[in-house]
>>> print(open('coords.cif').read())   # mmCIF, C-alpha atoms
data_target
#
loop_
_atom_site.label_atom_id
_atom_site.label_comp_id
_atom_site.auth_asym_id
_atom_site.auth_seq_id
_atom_site.Cartn_x
_atom_site.Cartn_y
_atom_site.Cartn_z
CA MET A 1 -42.44 -22.75 -17.29
CA THR A 2 -41.37 -19.14 -17.67
CA GLU A 3 -38.50 -18.27 -19.92
CA GLN A 4 -35.40 -17.03 -18.11
CA ARG A 5 -34.41 -13.59 -19.31
CA LEU A 6 -30.82 -12.50 -19.06
CA PHE A 7 -29.96 -8.84 -19.00
CA PRO A 8 -26.41 -7.95 -20.02
CA LYS A 9 -24.56 -5.41 -17.93
CA PRO A 10 -24.84 -1.97 -19.48
CA LEU A 11 -21.65 -0.80 -21.12
CA SER A 12 -20.07 2.29 -19.67
CA GLU A 13 -20.15 5.53 -21.57
CA ARG A 14 -16.65 6.21 -20.25
CA GLU A 15 -13.41 4.66 -21.50
CA ILE A 16 -12.75 1.20 -20.06
CA THR A 17 -9.23 0.74 -18.71
CA PRO A 18 -7.94 -2.85 -18.49
CA PHE A 19 -5.44 -3.74 -15.79
CA ALA A 20 -1.74 -3.69 -16.64
CA SER A 21 -1.08 -6.97 -14.83
CA ALA A 22 -2.66 -9.73 -12.79
CA ARG A 23 -0.89 -8.23 -9.78
CA GLN A 24 -2.72 -4.94 -10.27
CA ALA A 25 -6.07 -6.75 -10.72
CA TRP A 26 -5.48 -8.85 -7.59
CA PHE A 27 -4.68 -5.87 -5.36
CA TRP A 28 -7.78 -4.09 -6.75
CA PHE A 29 -9.93 -7.13 -5.97
CA VAL A 30 -8.61 -7.32 -2.40
CA ARG A 31 -9.27 -3.60 -1.80
CA CYS A 32 -12.82 -3.98 -3.16
CA GLN A 33 -13.42 -7.06 -1.01
CA THR A 34 -12.09 -5.27 2.09
CA ALA A 35 -14.44 -2.36 1.39
CA ARG A 36 -17.36 -4.79 1.04
CA ILE A 37 -16.55 -6.43 4.37
CA GLU A 38 -16.47 -2.98 5.97
CA GLY A 39 -19.97 -2.30 4.61
CA ALA A 40 -19.40 -0.51 1.31
CA ARG A 41 -21.47 -1.40 -1.72
CA VAL A 42 -19.27 -2.07 -4.73
CA VAL A 43 -21.06 -0.61 -7.74
CA ALA A 44 -19.82 -1.02 -11.31
CA ASP A 45 -18.69 2.16 -13.08
CA ALA A 46 -18.66 4.20 -9.85
CA GLY A 47 -14.89 4.68 -9.55
CA GLU A 48 -12.58 7.14 -11.22
CA VAL A 49 -11.38 4.42 -13.59
CA VAL A 50 -13.81 2.07 -15.33
CA ARG A 51 -12.58 -1.52 -15.25
CA PRO A 52 -13.56 -4.28 -17.72
CA CYS A 53 -14.86 -6.53 -14.94
CA ASP A 54 -16.37 -6.79 -11.49
CA PRO A 55 -14.19 -7.74 -8.51
CA ASP A 56 -15.99 -11.10 -8.45
CA ASP A 57 -14.60 -11.89 -11.92
CA VAL A 58 -11.04 -11.84 -10.53
CA TYR A 59 -12.09 -14.01 -7.58
CA ASN A 60 -13.86 -16.47 -9.89
CA ALA A 61 -10.76 -16.74 -12.09
CA VAL A 62 -8.66 -17.65 -9.03
CA MET A 63 -11.24 -20.19 -7.86
CA ARG A 64 -11.32 -21.83 -11.31
CA LEU A 65 -7.53 -22.14 -11.20
CA LYS A 66 -7.87 -23.75 -7.75
CA GLN A 67 -10.53 -26.19 -8.97
CA ALA A 68 -8.37 -27.10 -11.97
CA GLY A 69 -5.48 -27.91 -9.62
CA THR A 70 -3.26 -25.12 -10.96
CA LEU A 71 -3.33 -23.35 -7.58
CA THR A 72 -3.20 -25.00 -4.16
CA ASP A 73 -4.42 -23.90 -0.74
CA ARG A 74 -0.90 -22.61 -0.07
CA HIS A 75 -1.10 -20.38 -3.16
CA LEU A 76 -4.40 -18.98 -1.89
CA GLN A 77 -2.93 -18.29 1.55
CA VAL A 78 -0.05 -16.36 -0.01
CA LEU A 79 -2.40 -14.43 -2.32
CA GLU A 80 -4.66 -13.54 0.59
CA TYR A 81 -1.93 -12.45 2.99
CA PHE A 82 0.07 -10.36 0.54
CA GLY A 83 -3.11 -8.96 -0.98
CA LEU A 84 -4.16 -7.68 2.43
CA VAL A 85 -0.78 -6.10 3.15
CA GLU A 86 -0.75 -4.76 -0.45
CA ARG A 87 2.71 -5.87 -1.43
CA GLU A 88 4.48 -8.77 -3.09
CA PRO A 89 6.65 -11.21 -1.13
CA ASP A 90 10.25 -10.01 -0.93
CA PRO A 91 12.57 -12.71 -2.34
CA ARG A 92 15.49 -11.16 -0.43
CA ASP A 93 13.79 -11.90 2.90
CA PRO A 94 14.59 -15.49 3.91
CA ARG A 95 11.18 -15.75 5.64
CA GLU A 96 9.41 -14.98 2.35
CA LYS A 97 11.61 -16.87 -0.11
CA GLY A 98 9.23 -19.81 -0.65
CA LYS A 99 6.23 -17.51 -0.69
CA ASP A 100 7.75 -15.53 -3.55
CA GLY A 101 7.74 -18.60 -5.79
CA LEU A 102 4.10 -19.36 -4.94
CA TRP A 103 3.15 -15.72 -5.61
CA ARG A 104 4.90 -15.64 -8.99
CA HIS A 105 3.36 -18.96 -10.03
CA ALA A 106 -0.13 -17.79 -9.04
CA MET A 107 0.29 -14.43 -10.78
CA ALA A 108 1.53 -16.07 -14.00
CA ALA A 109 -1.44 -18.47 -14.07
CA LEU A 110 -3.91 -15.71 -13.21
CA GLU A 111 -2.45 -13.34 -15.78
CA ASN A 112 -2.96 -15.87 -18.58
CA VAL A 113 -6.63 -16.25 -17.63
CA LEU A 114 -7.23 -12.51 -17.23
CA ILE A 115 -5.54 -11.71 -20.55
CA SER A 116 -7.74 -14.25 -22.34
CA ARG A 117 -10.82 -12.58 -20.82
CA GLY A 118 -9.73 -9.03 -21.72
CA ILE A 119 -9.34 -7.98 -18.09
CA VAL A 120 -5.56 -7.54 -18.36
CA THR A 121 -3.80 -6.04 -21.34
CA ARG A 122 -0.14 -6.90 -21.51
CA ARG A 123 1.93 -3.73 -21.47
CA ARG A 124 5.48 -2.83 -20.73
CA ASP A 125 6.73 -3.93 -17.35
CA GLU A 126 5.03 -1.76 -14.74
CA ASN A 127 8.07 -1.81 -12.45
CA PHE A 128 9.94 1.45 -12.50
CA HIS A 129 13.31 0.12 -11.40
CA HIS A 130 15.46 -1.46 -14.08
CA ASP A 131 19.14 -2.00 -13.29
CA GLU A 132 20.06 -2.32 -16.95
CA VAL A 133 18.39 0.94 -18.02
CA MET A 134 19.97 4.33 -17.37
CA VAL A 135 17.54 7.24 -17.52
CA GLU A 136 18.69 10.84 -17.68
CA LEU A 137 16.21 13.35 -16.31
CA GLY A 138 15.89 16.73 -17.96
CA GLY A 139 13.78 19.85 -17.78
CA ASP A 140 12.59 21.72 -14.71
CA LEU A 141 12.94 19.30 -11.79
CA SER A 142 12.10 21.76 -9.01
CA PRO A 143 8.96 20.95 -7.05
CA CYS A 144 5.90 22.80 -8.39
CA GLY A 145 8.06 24.76 -10.80
CA ILE A 146 9.43 27.01 -8.02
#
>>> encode(input="coords.cif", output="structure tokens")
Amino acid sequence: MTEQRLFPKPLSEREITPFASARQAWFWFVRCQTARIEGARVVADAGEVVRPCDPDDVYNAVMRLKQAGTLTDRHLQVLEYFGLVEREPDPRDPREKGKDGLWRHAMAALENVLISRGIVTRRRDENFHHDEVMVELGGDLSPCGI
């Protein structure tokens, strides 16, 4: 019997940039998967930003959560739909109220897995709108310094 030889993926010479959130990783995965379906070949280290994983790693994390019973088929439907339209469910829309809870639950579970694997690095909240924070802009605010 021949010995199986495993070849590790080569490490990039460029700086590796982890995702800021599971949400960001999920939308990236869906865009990569859409490109694959349309015929593109997804090649590691070919983009402007080098990621710490392949798109399949995000998919596999979701499938493990499904197999463990953490996520249901309904969670997967919500992830797929809102991944394809590239937005989160709007909790203010009565038609999306229940979907928002499924989305948040799935993102919280996925984020824990992706953080443990080094794919997501917890940072400050990536949302730019904070009702409780007042920001005063200063400096030259004209477009293109005109």
>>> atom_distance(input="coords.cif", atom1="atom CA of Pro89 of chain A", atom2="atom CA of Asp54 of chain A")
25.6 Å
>>> closest_atom_pairs(input="coords.cif", of="segment 33-106 of chain A", to="segment 18-24 of chain A", cutoff="12 Å", atoms="all atoms listed in the file", output="CSV")
residue,atom,partner,partner_atom,distance
A:Val49,CA,A:Pro18,CA,9.4
A:Val50,CA,A:Pro18,CA,8.3
A:Arg51,CA,A:Pro18,CA,5.8
A:Pro52,CA,A:Pro18,CA,5.8
A:Cys53,CA,A:Pro18,CA,8.6
A:Asp54,CA,A:Pro18,CA,11.6
A:Pro55,CA,A:Gln24,CA,11.9
A:Val58,CA,A:Ala22,CA,8.9
A:Tyr59,CA,A:Ala22,CA,11.6
A:Ala61,CA,A:Ala22,CA,10.7
A:Val62,CA,A:Ala22,CA,10.6
A:Leu79,CA,A:Arg23,CA,9.8
A:Phe82,CA,A:Arg23,CA,10.6
A:Gly83,CA,A:Arg23,CA,9.1
A:Glu86,CA,A:Arg23,CA,10.0
A:Arg87,CA,A:Arg23,CA,9.4
A:Glu88,CA,A:Arg23,CA,8.6
A:Pro89,CA,A:Arg23,CA,11.9
A:Trp103,CA,A:Arg23,CA,9.5
A:Arg104,CA,A:Arg23,CA,9.4
A:His105,CA,A:Ala22,CA,11.4
A:Ala106,CA,A:Ala22,CA,9.2
>>> atom_distance(input="coords.cif", atom1="atom CA of Leu84 of chain A", atom2="atom CA of Val30 of chain A")
6.6 Å
>>> atom_distance(input="coords.cif", atom1="atom CA of Gln67 of chain A", atom2="atom CA of Trp28 of chain A")
22.4 Å
>>> residues_near_point(input="coords.cif", point="(-1.1, -21.4, -1.8)", cutoff="12 Å", atoms="only C-alpha atoms", output="MDAnalysis selection string")
chainID A and resid 62:63 65:66 69:82 98:107
>>> build_atoms(input="coords.cif", residues="segment 72-89 of chain A", atoms="N, CA and C atoms", output="PDB file, in the frame of the given file")
ATOM      1  N   THR A  72      -2.934 -24.205  -5.361  1.00  0.00           N
ATOM      2  CA  THR A  72      -3.200 -25.000  -4.160  1.00  0.00           C
ATOM      3  C   THR A  72      -3.682 -24.080  -3.042  1.00  0.00           C
ATOM      4  N   ASP A  73      -4.031 -24.693  -1.901  1.00  0.00           N
ATOM      5  CA  ASP A  73      -4.420 -23.900  -0.740  1.00  0.00           C
ATOM      6  C   ASP A  73      -3.280 -22.972  -0.304  1.00  0.00           C
ATOM      7  N   ARG A  74      -2.065 -23.439  -0.449  1.00  0.00           N
ATOM      8  CA  ARG A  74      -0.900 -22.610  -0.070  1.00  0.00           C
ATOM      9  C   ARG A  74      -0.811 -21.373  -0.956  1.00  0.00           C
ATOM     10  N   HIS A  75      -1.069 -21.536  -2.261  1.00  0.00           N
ATOM     11  CA  HIS A  75      -1.100 -20.380  -3.160  1.00  0.00           C
ATOM     12  C   HIS A  75      -2.136 -19.370  -2.673  1.00  0.00           C
ATOM     13  N   LEU A  76      -3.326 -19.870  -2.326  1.00  0.00           N
ATOM     14  CA  LEU A  76      -4.400 -18.980  -1.890  1.00  0.00           C
ATOM     15  C   LEU A  76      -4.048 -18.262  -0.602  1.00  0.00           C
ATOM     16  N   GLN A  77      -3.363 -18.933   0.309  1.00  0.00           N
ATOM     17  CA  GLN A  77      -2.930 -18.290   1.550  1.00  0.00           C
ATOM     18  C   GLN A  77      -1.960 -17.143   1.265  1.00  0.00           C
ATOM     19  N   VAL A  78      -1.028 -17.394   0.356  1.00  0.00           N
ATOM     20  CA  VAL A  78      -0.050 -16.360  -0.010  1.00  0.00           C
ATOM     21  C   VAL A  78      -0.747 -15.194  -0.703  1.00  0.00           C
ATOM     22  N   LEU A  79      -1.655 -15.487  -1.633  1.00  0.00           N
ATOM     23  CA  LEU A  79      -2.400 -14.430  -2.320  1.00  0.00           C
ATOM     24  C   LEU A  79      -3.198 -13.588  -1.318  1.00  0.00           C
ATOM     25  N   GLU A  80      -3.855 -14.265  -0.383  1.00  0.00           N
ATOM     26  CA  GLU A  80      -4.660 -13.540   0.590  1.00  0.00           C
ATOM     27  C   GLU A  80      -3.794 -12.651   1.487  1.00  0.00           C
ATOM     28  N   TYR A  81      -2.755 -13.217   2.062  1.00  0.00           N
ATOM     29  CA  TYR A  81      -1.930 -12.450   2.990  1.00  0.00           C
ATOM     30  C   TYR A  81      -1.294 -11.237   2.310  1.00  0.00           C
ATOM     31  N   PHE A  82      -0.635 -11.464   1.182  1.00  0.00           N
ATOM     32  CA  PHE A  82       0.070 -10.360   0.540  1.00  0.00           C
ATOM     33  C   PHE A  82      -0.892  -9.396  -0.160  1.00  0.00           C
ATOM     34  N   GLY A  83      -2.087  -9.871  -0.488  1.00  0.00           N
ATOM     35  CA  GLY A  83      -3.110  -8.960  -0.980  1.00  0.00           C
ATOM     36  C   GLY A  83      -3.560  -8.002   0.099  1.00  0.00           C
ATOM     37  N   LEU A  84      -3.729  -8.521   1.319  1.00  0.00           N
ATOM     38  CA  LEU A  84      -4.160  -7.680   2.430  1.00  0.00           C
ATOM     39  C   LEU A  84      -3.105  -6.671   2.855  1.00  0.00           C
ATOM     40  N   VAL A  85      -1.839  -7.056   2.784  1.00  0.00           N
ATOM     41  CA  VAL A  85      -0.780  -6.100   3.150  1.00  0.00           C
ATOM     42  C   VAL A  85      -0.347  -5.256   1.954  1.00  0.00           C
ATOM     43  N   GLU A  86      -0.946  -5.523   0.790  1.00  0.00           N
ATOM     44  CA  GLU A  86      -0.750  -4.760  -0.450  1.00  0.00           C
ATOM     45  C   GLU A  86       0.718  -4.659  -0.875  1.00  0.00           C
ATOM     46  N   ARG A  87       1.347  -5.801  -0.901  1.00  0.00           N
ATOM     47  CA  ARG A  87       2.710  -5.870  -1.430  1.00  0.00           C
ATOM     48  C   ARG A  87       3.002  -7.303  -1.858  1.00  0.00           C
ATOM     49  N   GLU A  88       4.044  -7.440  -2.670  1.00  0.00           N
ATOM     50  CA  GLU A  88       4.480  -8.770  -3.090  1.00  0.00           C
ATOM     51  C   GLU A  88       5.452  -9.325  -2.055  1.00  0.00           C
ATOM     52  N   PRO A  89       5.615 -10.639  -2.002  1.00  0.00           N
ATOM     53  CA  PRO A  89       6.650 -11.210  -1.130  1.00  0.00           C
ATOM     54  C   PRO A  89       8.028 -10.722  -1.582  1.00  0.00           C
TER      55      PRO A  89
END
